[in-house]
$ cat target-v1.cif   # mmCIF, C-alpha atoms
data_upload
loop_
_atom_site.label_atom_id
_atom_site.label_comp_id
_atom_site.auth_asym_id
_atom_site.auth_seq_id
_atom_site.Cartn_x
_atom_site.Cartn_y
_atom_site.Cartn_z
CA MET Q 1362 0.00 0.00 0.00
CA LYS Q 1363 1.39 3.33 -1.01
CA ARG Q 1364 2.05 5.69 1.91
CA ARG Q 1365 0.44 9.07 1.73
CA ARG Q 1366 2.90 11.91 1.47
CA ILE Q 1367 2.47 14.64 4.09
CA SER Q 1368 2.66 18.17 2.74
CA ALA Q 1369 4.54 21.06 4.37
CA TRP Q 1370 1.23 22.36 5.71
CA GLY Q 1371 0.52 18.94 7.19
CA TRP Q 1372 3.85 19.01 9.03
CA LEU Q 1373 3.06 22.51 10.31
CA TYR Q 1374 -0.34 21.33 11.60
CA ARG Q 1375 1.34 18.44 13.44
CA LEU Q 1376 4.13 20.58 14.90
CA HIS Q 1377 1.62 23.16 16.08
CA ARG Q 1378 -0.49 20.48 17.77
CA TYR Q 1379 2.33 18.54 19.45
CA ILE Q 1380 4.32 21.57 20.59
CA GLY Q 1381 1.14 22.95 22.16
CA LEU Q 1382 0.67 19.71 24.09
CA VAL Q 1383 4.31 19.59 25.22
CA ILE Q 1384 4.47 23.11 26.66
CA ALA Q 1385 0.91 23.20 28.04
CA ILE Q 1386 2.05 22.51 31.61
CA ILE Q 1387 4.79 25.17 31.46
CA VAL Q 1388 2.37 27.72 30.00
CA LEU Q 1389 -0.13 26.91 32.75
CA MET Q 1390 2.57 27.46 35.40
CA LEU Q 1391 3.63 30.76 33.80
CA ALA Q 1392 0.04 31.96 33.61
CA LEU Q 1393 -0.89 31.07 37.19
CA THR Q 1394 2.31 32.45 38.72
CA GLY Q 1395 2.11 35.58 36.56
CA ILE Q 1396 -1.47 36.33 37.63
CA THR Q 1397 -0.57 35.77 41.28
CA ILE Q 1398 2.54 37.99 41.07
CA ASN Q 1399 0.45 40.78 39.53
CA HIS Q 1400 -1.67 40.79 42.71
CA SER Q 1401 1.29 40.37 45.08
CA ASP Q 1402 0.56 43.56 47.05
CA SER Q 1403 -3.12 42.84 47.65
CA LEU Q 1404 -2.34 39.24 48.60
CA GLN Q 1405 0.54 40.44 50.85
CA LEU Q 1406 2.83 37.76 49.46
CA SER Q 1407 5.95 39.55 50.69
CA LYS Q 1408 4.70 39.11 54.27
CA ARG Q 1409 3.75 35.45 53.89
CA MET Q 1410 6.61 33.13 54.69
CA VAL Q 1411 7.25 29.68 53.26
CA GLU Q 1412 7.04 26.89 55.83
CA SER Q 1413 7.54 23.89 53.54
CA GLY Q 1414 10.69 22.02 54.52
CA PHE Q 1415 11.14 20.75 50.95
CA ILE Q 1416 11.13 24.26 49.44
CA LEU Q 1417 13.37 25.65 52.19
CA ASP Q 1418 15.82 22.82 51.51
CA GLN Q 1419 15.87 23.76 47.81
CA TYR Q 1420 17.05 27.25 48.79
CA GLY Q 1421 19.62 25.85 51.21
CA ILE Q 1422 17.99 27.62 54.17
CA LYS Q 1423 19.12 25.96 57.39
CA ALA Q 1424 19.05 26.85 61.05
CA PRO Q 1425 22.43 27.85 62.53
CA ASP Q 1426 24.42 25.12 64.22
CA ASN Q 1427 25.28 25.24 67.94
CA PRO Q 1428 22.62 27.67 69.23
CA LEU Q 1429 23.23 29.40 72.56
CA SER Q 1430 20.91 28.02 75.24
CA PHE Q 1431 20.29 29.01 78.85
CA LYS Q 1432 17.76 27.68 81.35
CA THR Q 1433 16.27 29.50 84.31
CA ASN Q 1434 13.18 28.61 86.36
CA ASP Q 1435 12.41 25.74 83.95
CA ILE Q 1436 12.31 28.21 81.05
CA TRP Q 1437 14.65 27.84 78.09
CA VAL Q 1438 16.05 30.93 76.37
CA ILE Q 1439 17.68 29.98 73.07
CA GLN Q 1440 19.41 32.15 70.49
CA MET Q 1441 19.70 31.04 66.84
CA GLY Q 1442 21.58 33.52 64.71
CA LYS Q 1443 20.12 36.87 65.73
CA LYS Q 1444 16.74 35.39 66.69
CA LEU Q 1445 15.73 34.81 70.30
CA PHE Q 1446 13.27 32.19 71.53
CA LEU Q 1447 11.61 31.75 74.90
CA ASN Q 1448 10.95 28.03 74.90
CA SER Q 1449 9.44 27.67 71.40
CA GLU Q 1450 8.09 31.24 71.11
CA GLN Q 1451 10.10 33.75 69.07
CA ILE Q 1452 10.78 37.16 70.61
CA PRO Q 1453 10.35 40.00 68.06
CA GLY Q 1454 13.55 41.66 66.89
CA ASN Q 1455 17.18 40.86 66.09
CA PHE Q 1456 19.73 40.60 68.88
CA GLU Q 1457 23.47 40.57 69.38
CA LEU Q 1458 25.33 37.69 71.00
CA LEU Q 1459 23.56 36.36 74.09
CA ALA Q 1460 25.85 36.53 77.13
CA GLY Q 1461 23.56 34.83 79.65
CA VAL Q 1462 20.13 34.63 81.26
CA VAL Q 1463 19.05 34.94 84.91
CA ALA Q 1464 15.74 35.18 86.79
CA THR Q 1465 14.96 38.33 88.74
CA ASN Q 1466 11.77 39.18 90.66
CA GLY Q 1467 9.64 36.79 88.62
CA LEU Q 1468 11.04 38.10 85.34
CA ILE Q 1469 13.80 36.92 83.00
CA ALA Q 1470 16.85 39.08 82.27
CA CYS Q 1471 18.63 38.28 79.01
CA ALA Q 1472 22.03 39.92 78.76
CA PHE Q 1473 23.56 40.80 75.40
CA SER Q 1474 26.82 42.57 74.72
CA ARG Q 1475 25.33 46.08 74.95
CA GLU Q 1476 21.88 45.71 76.48
CA ILE Q 1477 19.65 43.69 78.79
CA LEU Q 1478 16.24 42.49 77.66
CA VAL Q 1479 13.72 41.86 80.44
CA LEU Q 1480 10.97 39.37 79.57
CA SER Q 1481 7.90 38.05 81.32
CA PRO Q 1482 7.59 34.25 81.67
CA ASP Q 1483 5.07 34.41 78.79
CA GLY Q 1484 7.59 36.02 76.44
CA ASP Q 1485 6.35 39.62 76.60
CA ILE Q 1486 9.02 42.32 76.45
CA VAL Q 1487 8.89 44.22 79.75
CA GLU Q 1488 11.95 46.45 79.35
CA GLN Q 1489 14.96 46.99 77.11
CA ILE Q 1490 17.80 48.34 79.22
CA LYS Q 1491 20.50 49.96 77.10
CA THR Q 1492 22.32 51.86 79.88
CA VAL Q 1493 24.77 49.16 80.92
CA PRO Q 1494 28.18 49.83 82.47
CA GLY Q 1495 30.22 48.26 79.68
CA HIS Q 1496 30.54 45.46 77.16
CA ILE Q 1497 28.77 42.56 78.90
CA GLU Q 1498 30.63 39.27 79.05
CA ARG Q 1499 28.60 37.39 81.69
CA ILE Q 1500 25.54 37.83 83.90
CA GLY Q 1501 24.82 36.14 87.22
CA ALA Q 1502 23.20 36.46 90.64
CA ASP Q 1503 24.27 36.05 94.26
CA ARG Q 1504 22.40 34.50 97.20
CA ASN Q 1505 20.53 37.76 97.80
CA ASP Q 1506 19.26 37.79 94.19
CA LEU Q 1507 21.41 40.78 93.30
CA ILE Q 1508 22.23 40.78 89.58
CA TYR Q 1509 25.91 40.98 88.64
CA LEU Q 1510 27.58 41.80 85.34
CA LYS Q 1511 31.09 40.93 84.30
CA THR Q 1512 32.14 43.46 81.68
CA ALA Q 1513 35.30 44.42 79.82
CA GLN Q 1514 35.40 47.58 81.99
CA GLY Q 1515 34.93 45.80 85.34
CA ASN Q 1516 32.37 44.04 87.54
CA TYR Q 1517 29.08 45.61 88.59
CA TYR Q 1518 25.88 44.77 90.44
CA SER Q 1519 22.36 46.23 90.60
CA ASN Q 1520 19.90 46.34 93.50
CA ASP Q 1521 17.17 48.43 91.82
CA MET Q 1522 15.72 46.25 89.03
CA LEU Q 1523 18.75 46.74 86.74
CA PHE Q 1524 18.26 50.51 86.33
CA SER Q 1525 21.58 51.50 87.92
CA TRP Q 1526 24.90 49.76 88.46
CA LYS Q 1527 27.63 49.90 91.09
CA PRO Q 1528 31.12 48.42 91.09
CA GLY Q 1529 31.29 45.23 93.14
CA ASP Q 1530 33.23 42.06 93.87
CA ILE Q 1531 32.28 38.85 92.11
CA ASN Q 1532 32.73 36.34 94.90
CA ASN Q 1533 30.12 33.58 95.31
CA ILE Q 1534 28.25 34.54 92.14
CA GLY Q 1535 26.15 31.99 90.29
CA TRP Q 1536 27.01 32.82 86.69
CA ALA Q 1537 24.63 31.86 83.92
CA GLU Q 1538 25.99 28.84 82.04
CA SER Q 1539 25.01 27.60 78.62
CA LYS Q 1540 23.23 24.22 78.62
CA SER Q 1541 22.06 21.70 76.04
CA PRO Q 1542 18.28 21.87 75.52
CA PRO Q 1543 16.06 18.88 74.57
CA SER Q 1544 16.48 17.80 70.95
CA ASP Q 1545 12.74 18.09 70.20
CA LEU Q 1546 12.75 21.72 71.39
CA ILE Q 1547 15.74 22.50 69.16
CA ALA Q 1548 13.99 20.86 66.20
CA THR Q 1549 10.84 22.95 66.79
CA ILE Q 1550 12.84 26.17 67.08
CA ALA Q 1551 14.94 25.33 64.01
CA GLN Q 1552 11.78 24.90 61.92
CA SER Q 1553 10.36 28.15 63.29
CA TYR Q 1554 13.64 29.92 62.47
CA ARG Q 1555 13.65 28.62 58.89
CA SER Q 1556 9.97 29.46 58.40
CA ASN Q 1557 10.55 33.19 58.93
CA ILE Q 1558 13.16 33.80 56.21
CA LEU Q 1559 11.77 33.08 52.73
CA PRO Q 1560 8.81 35.21 51.48
CA LEU Q 1561 6.25 33.59 49.20
CA ASP Q 1562 6.60 36.21 46.46
CA ARG Q 1563 10.30 35.27 46.02
CA VAL Q 1564 9.34 31.63 45.41
CA LEU Q 1565 6.63 32.59 42.90
CA LEU Q 1566 9.07 34.82 41.00
CA ASP Q 1567 11.58 31.97 40.87
CA PHE Q 1568 8.89 29.56 39.66
CA HIS Q 1569 7.83 32.08 37.00
CA SER Q 1570 11.38 32.51 35.72
CA GLY Q 1571 12.34 28.84 36.13
CA ARG Q 1572 15.14 29.68 38.58
CA PHE Q 1573 13.55 27.47 41.24
CA PHE Q 1574 14.70 24.46 39.19
CA GLY Q 1575 18.24 25.76 38.68
CA GLN Q 1576 19.92 26.89 35.47
CA TRP Q 1577 18.18 24.18 33.43
CA GLY Q 1578 14.84 25.52 34.64
CA VAL Q 1579 15.72 28.93 33.17
CA TYR Q 1580 16.64 27.30 29.85
CA ILE Q 1581 13.36 25.36 29.78
CA VAL Q 1582 11.29 28.49 30.40
CA ASP Q 1583 13.28 30.33 27.72
CA ALA Q 1584 12.65 27.48 25.29
CA ALA Q 1585 8.95 27.47 26.18
CA SER Q 1586 8.79 31.22 25.50
CA LEU Q 1587 10.36 30.72 22.06
CA LEU Q 1588 7.95 27.88 21.32
CA LEU Q 1589 5.06 30.16 22.28
CA VAL Q 1590 6.30 32.60 19.66
CA PHE Q 1591 6.36 29.72 17.16
CA LEU Q 1592 2.80 28.73 18.13
CA ALA Q 1593 1.61 32.31 17.64
CA ILE Q 1594 3.19 32.51 14.18
CA SER Q 1595 2.19 29.01 13.06
CA GLY Q 1596 -1.33 29.46 14.43
CA SER Q 1597 -1.69 32.70 12.49
CA MET Q 1598 -0.38 31.05 9.33
CA ILE Q 1599 -2.77 28.10 9.71
CA TRP Q 1600 -5.73 30.42 10.31
CA LEU Q 1601 -4.82 32.59 7.30
CA ARG Q 1602 -4.44 29.53 5.07
CA HIS Q 1603 -7.76 28.13 6.29
CA LYS Q 1604 -9.38 31.52 5.65
CA PHE Q 1605 -7.84 31.68 2.18
CA VAL Q 1606 -8.90 28.12 1.29
CA SER Q 1607 -12.42 28.70 2.60
CA THR Q 1608 -12.76 31.97 0.70
CA ARG Q 1609 -11.46 30.38 -2.51
CA ALA Q 1610 -13.84 27.43 -2.10
CA ARG Q 1611 -16.81 29.75 -1.63
CA TYR Q 1612 -15.72 31.77 -4.68
CA ARG Q 1613 -15.49 28.64 -6.84
CA LYS Q 1614 -18.85 27.41 -5.62
CA ARG Q 1615 -20.43 30.73 -6.43
CA LYS Q 1616 -18.85 30.67 -9.89
CA ARG Q 1617 -20.19 27.15 -10.52
CA ASN Q 1618 -23.66 28.17 -9.42
CA GLN Q 1619 -23.55 31.19 -11.72
CA SER Q 1620 -22.41 29.00 -14.68
CA ALA Q 1621 -25.29 26.59 -14.08
CA LEU Q 1622 -27.91 29.30 -14.43
#
$ encode --input "target-v1.cif" --output "structure tokens"
Amino acid sequence: MKRRRISAWGWLYRLHRYIGLVIAIIVLMLALTGITINHSDSLQLSKRMVESGFILDQYGIKAPDNPLSFKTNDIWVIQMGKKLFLNSEQIPGNFELLAGVVATNGLIACAFSREILVLSPDGDIVEQIKTVPGHIERIGADRNDLIYLKTAQGNYYSNDMLFSWKPGDINNIGWAESKSPPSDLIATIAQSYRSNILPLDRVLLDFHSGRFFGQWGVYIVDAASLLLVFLAISGSMIWLRHKFVSTRARYRKRKRNQSAL
């Protein structure tokens, strides 16, 4: 049986059809992400953070190793990077290196290099004390619950809720010491830390450009864009040919009808 020869227009029809099927998924992704990005402000995508561990792993976002951890009155205060956590609750703000934590009058005093942050047991910020006598190295308390600071400029204590400081000896002081917290608490805090870094609009932009899938993803999106151009041109050519053929057929039919009269 003799095989039917496919014309150039037949090949164009087939290419148009198959290329459309191949890039349909990519076009759908580009359309959906593009529409969402256009409404980024109203959807507040820059304020919505990605919590998916899989996506965070793709960006290489990890929690810092060896967090600083202190325990007082059965409450853990843990610092990861510049983030501070009271048990598993994050305290708003970014903080310098944590020097130690002690309990004072039912509150929690967290000493950093240049300030002391006073927290309630529920994690509310009660006071931020920035008038400290020097660069804080350690914080501790004596048997009378007086708070002591060891600084680069000397040793000081406070007997008025940390508002003023006096030089003092550091004998018999219980200095705050870093301890290892439970592994499940560290895992919870690590996930919380990671989940407050990557905004959703960044991920959508990377999906839209193909960068989420690496350099090959960019090439694939570029190729899909070029194929869309081909589909637009080939589709226009097919429509114009169909229009031309239909018009010519109608013209011939009209001529035949006129000749028959």
$ closest_residue --input "target-v1.cif" --among "Q:Pro1425, Q:Val1493, Q:Ser1449, Q:Leu1523" --to "Val1479 of chain Q" --atoms "only C-alpha atoms"
Q:Leu1523
$ resolve_selection --input "target-v1.cif" --expression "the PyMOL selection byres ((chain Q and resi 1465-1467) around 10)" --output "VMD selection string"
chain Q and resid 1433 to 1434 1462 to 1464 1468 to 1470 1479 to 1482 1502 1506 to 1508 1522 to 1523
$ resolve_selection --input "target-v1.cif" --expression "the PyMOL selection byres ((chain Q and resi 1559-1570) around 8)" --output "list of chain:residue names"
Q:Met1390, Q:Leu1391, Q:Thr1394, Q:Gly1395, Q:Ile1398, Q:Ser1401, Q:Leu1406, Q:Ser1407, Q:Lys1408, Q:Arg1409, Q:Met1410, Q:Val1411, Q:Leu1417, Q:Arg1555, Q:Ser1556, Q:Asn1557, Q:Ile1558, Q:Gly1571, Q:Arg1572, Q:Phe1573, Q:Phe1574, Q:Gly1578, Q:Val1579, Q:Val1582
$ axis_aligned_box --input "target-v1.cif" --around "segment 1457-1465 of chain Q" --padding-each-side "5 Å" --output "lines of an AutoDock Vina configuration file"
center_x = 20.4
center_y = 37.6
center_z = 79.1
size_x = 20.9
size_y = 15.9
size_z = 29.4
$ residues_around --input "target-v1.cif" --residues "segment 1534-1551 of chain Q" --least-positions-apart "2" --cutoff "8 Å" --atoms "all atoms listed in the file" --output "list of chain:residue names"
Q:Lys1423, Q:Ala1424, Q:Leu1429, Q:Ser1430, Q:Phe1431, Q:Lys1432, Q:Trp1437, Q:Met1441, Q:Phe1446, Q:Asn1448, Q:Ser1449, Q:Gly1461, Q:Val1462, Q:Val1463, Q:Arg1499, Q:Ile1500, Q:Gly1501, Q:Ala1502, Q:Asp1503, Q:Arg1504, Q:Tyr1509, Q:Ile1531, Q:Asn1532, Q:Ser1553, Q:Tyr1554, Q:Arg1555
$ closest_residue --input "target-v1.cif" --among "Q:Lys1443, Q:His1496, Q:His1400, Q:Arg1378" --to "Thr1512 of chain Q" --atoms "all atoms listed in the file"
Q:His1496
$ residues_near_point --input "target-v1.cif" --point "(35.7, 44.1, 84.1)" --cutoff "10 Å" --atoms "only C-alpha atoms" --output "ChimeraX atom specification"
/Q:1494-1498,1510-1517,1528
